[in-house]
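Chemist: Take a look at coords.cif, mmCIF, C-alpha atoms:
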data_data
loop_
_atom_site.group_PDB
_atom_site.id
_atom_site.type_symbol
_atom_site.label_atom_id
_atom_site.label_comp_id
_atom_site.auth_asym_id
_atom_site.auth_seq_id
_atom_site.Cartn_x
_atom_site.Cartn_y
_atom_site.Cartn_z
ATOM 1 C CA MET A 1 121.628 93.286 105.401
ATOM 2 C CA LEU A 2 119.120 95.335 107.391
ATOM 3 C CA TYR A 3 118.534 95.151 111.127
ATOM 4 C CA PRO A 4 114.993 95.978 112.306
ATOM 5 C CA LEU A 5 113.934 95.508 115.914
ATOM 6 C CA ALA A 6 113.589 91.831 116.774
ATOM 7 C CA SER A 7 110.329 90.204 117.806
ATOM 8 C CA LEU A 8 111.051 88.370 121.032
ATOM 9 C CA GLU A 9 109.405 85.544 122.921
ATOM 10 C CA SER A 10 108.981 86.199 126.645
ATOM 11 C CA ASP A 11 111.952 83.993 127.654
ATOM 12 C CA LYS A 12 114.295 85.917 125.343
ATOM 13 C CA LEU A 13 112.918 89.248 126.541
ATOM 14 C CA ASN A 14 113.458 88.183 130.158
ATOM 15 C CA ALA A 15 117.051 87.164 129.396
ATOM 16 C CA ILE A 16 117.725 90.553 127.818
ATOM 17 C CA GLN A 17 116.103 92.393 130.726
ATOM 18 C CA ASN A 18 118.310 90.425 133.138
ATOM 19 C CA LEU A 19 121.383 91.410 131.119
ATOM 20 C CA GLU A 20 120.282 95.067 131.240
ATOM 21 C CA LYS A 21 120.224 94.853 135.046
ATOM 22 C CA VAL A 22 123.707 93.344 135.099
ATOM 23 C CA ILE A 23 125.280 95.891 132.742
ATOM 24 C CA GLY A 24 123.268 98.826 134.076
ATOM 25 C CA GLY A 25 121.835 100.027 130.787
ATOM 26 C CA PRO A 26 119.479 99.297 127.933
ATOM 27 C CA VAL A 27 120.098 96.662 125.268
ATOM 28 C CA VAL A 28 118.396 96.785 121.857
ATOM 29 C CA ALA A 29 117.588 93.486 120.099
ATOM 30 C CA LEU A 30 117.870 93.557 116.307
ATOM 31 C CA ALA A 31 117.104 90.877 113.711
ATOM 32 C CA GLY A 32 119.035 90.508 110.463
ATOM 33 C CA VAL A 33 117.055 90.676 107.225
ATOM 34 C CA GLU A 34 118.625 90.009 103.819
ATOM 35 C CA ALA A 35 118.136 92.995 101.521
ATOM 36 C CA LYS A 36 120.088 94.538 98.673
ATOM 37 C CA THR A 37 120.193 98.314 98.719
ATOM 38 C CA ALA A 38 119.264 100.210 95.581
ATOM 39 C CA GLU A 39 121.770 102.438 93.836
ATOM 40 C CA LEU A 40 119.980 105.748 93.367
ATOM 41 C CA PRO A 41 120.856 108.605 91.042
ATOM 42 C CA GLU A 42 122.065 111.694 92.895
ATOM 43 C CA ASP A 43 118.732 113.542 92.595
ATOM 44 C CA GLN A 44 116.767 110.608 94.036
ATOM 45 C CA LEU A 45 119.313 110.112 96.814
ATOM 46 C CA GLN A 46 118.948 113.781 97.723
ATOM 47 C CA LYS A 47 115.156 113.401 97.930
ATOM 48 C CA LEU A 48 115.561 110.372 100.193
ATOM 49 C CA GLN A 49 117.969 112.267 102.462
ATOM 50 C CA GLU A 50 115.659 115.287 102.613
ATOM 51 C CA LEU A 51 112.762 113.078 103.696
ATOM 52 C CA GLU A 52 114.977 111.403 106.316
ATOM 53 C CA GLU A 53 115.779 114.840 107.731
ATOM 54 C CA GLU A 54 112.141 115.938 107.643
ATOM 55 C CA LEU A 55 110.848 112.778 109.341
ATOM 56 C CA GLY A 56 113.778 112.251 111.719
ATOM 57 C CA ILE A 57 114.224 108.603 110.679
ATOM 58 C CA VAL A 58 116.590 106.480 108.590
ATOM 59 C CA LEU A 59 115.324 105.367 105.171
ATOM 60 C CA VAL A 60 116.881 102.615 103.057
ATOM 61 C CA ALA A 61 115.998 102.163 99.389
ATOM 62 C CA VAL A 62 116.108 98.458 98.493
ATOM 63 C CA ARG A 63 116.020 96.650 95.178
ATOM 64 C CA PRO A 64 112.700 94.982 94.375
ATOM 65 C CA ASN A 65 112.858 91.186 94.103
#
Would you write the structure of this file as structure tokens?
Modeler:
Amino acid sequence: MLYPLASLESDKLNAIQNLEKVIGGPVVALAGVEAKTAELPEDQLQKLQELEEELGIVLVAVRPN
């Protein structure tokens, strides 16, 4: 399961913004997406991790359908 940022309708965004005011801090909305991660050989995993470090992001290799 992966969790990208959720696309929100205005009523949901307003509800989250109201909650942020109540709790005094930001809230991030994520949406679940079914995905099976790929099992990579060590050399490919290392390349993925090096690119993550270089780009400053998280990468997930998934199995093609």
Chemist: Hey, which of A:Arg63, A:Ile57, A:Asp11, A:Tyr3 ends up closest to Val33 of chain A? Count all atoms listed in the file.
Modeler: A:Tyr3
Chemist: Between A:Glu20, A:Glu34, A:Glu42, A:Glu9, single out the one closest to Asn65 of chain A, counting only C-alpha atoms.
Modeler: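 Of the candidates, the smallest distance to Asn65 of chain A is held by A:Glu34.
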Chemist: Around the point (112.1, 88.9, 118.4) in the file's coordinates, collect all residues with an atom within 8 Å, using all atoms listed in the file, and return them as an MDAnalysis selection string.
Modeler: chainID A and resid 5:9 12 29:31
Chemist: Spell out the residues picked by the PyMOL selection byres ((chain A and resi 62) around 6) here, as a ChimeraX atom specification.
Modeler: /A:36-38,61,63
Chemist: If I put a ball of radius 8 Å at (119.5, 93.7, 126.1) in the file's coordinates, which residues poke into it when counting all atoms listed in the file, written as a PyMOL selection string?
Modeler: chain A and resi 13+15-20+26-29
Chemist: Limited to C-alpha atoms, could you put the picked residues into a file as a PDB file, in the coordinates of the input?
Modeler:
ATOM      1  CA  LEU A  13     112.918  89.248 126.541  1.00  0.00           C
ATOM      2  CA  ALA A  15     117.051  87.164 129.396  1.00  0.00           C
ATOM      3  CA  ILE A  16     117.725  90.553 127.818  1.00  0.00           C
ATOM      4  CA  GLN A  17     116.103  92.393 130.726  1.00  0.00           C
ATOM      5  CA  ASN A  18     118.310  90.425 133.138  1.00  0.00           C
ATOM      6  CA  LEU A  19     121.383  91.410 131.119  1.00  0.00           C
ATOM      7  CA  GLU A  20     120.282  95.067 131.240  1.00  0.00           C
ATOM      8  CA  PRO A  26     119.479  99.297 127.933  1.00  0.00           C
ATOM      9  CA  VAL A  27     120.098  96.662 125.268  1.00  0.00           C
ATOM     10  CA  VAL A  28     118.396  96.785 121.857  1.00  0.00           C
ATOM     11  CA  ALA A  29     117.588  93.486 120.099  1.00  0.00           C
TER      12      ALA A  29
END
Chemist: Just checking: using only C-alpha atoms, which residue out of A:Ala35, A:Leu59, A:Ile23, A:Pro64 ends up closest to Lys47 of chain A?
Modeler: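 That would be A:Leu59, the residue with the smallest distance to Lys47 of chain A.
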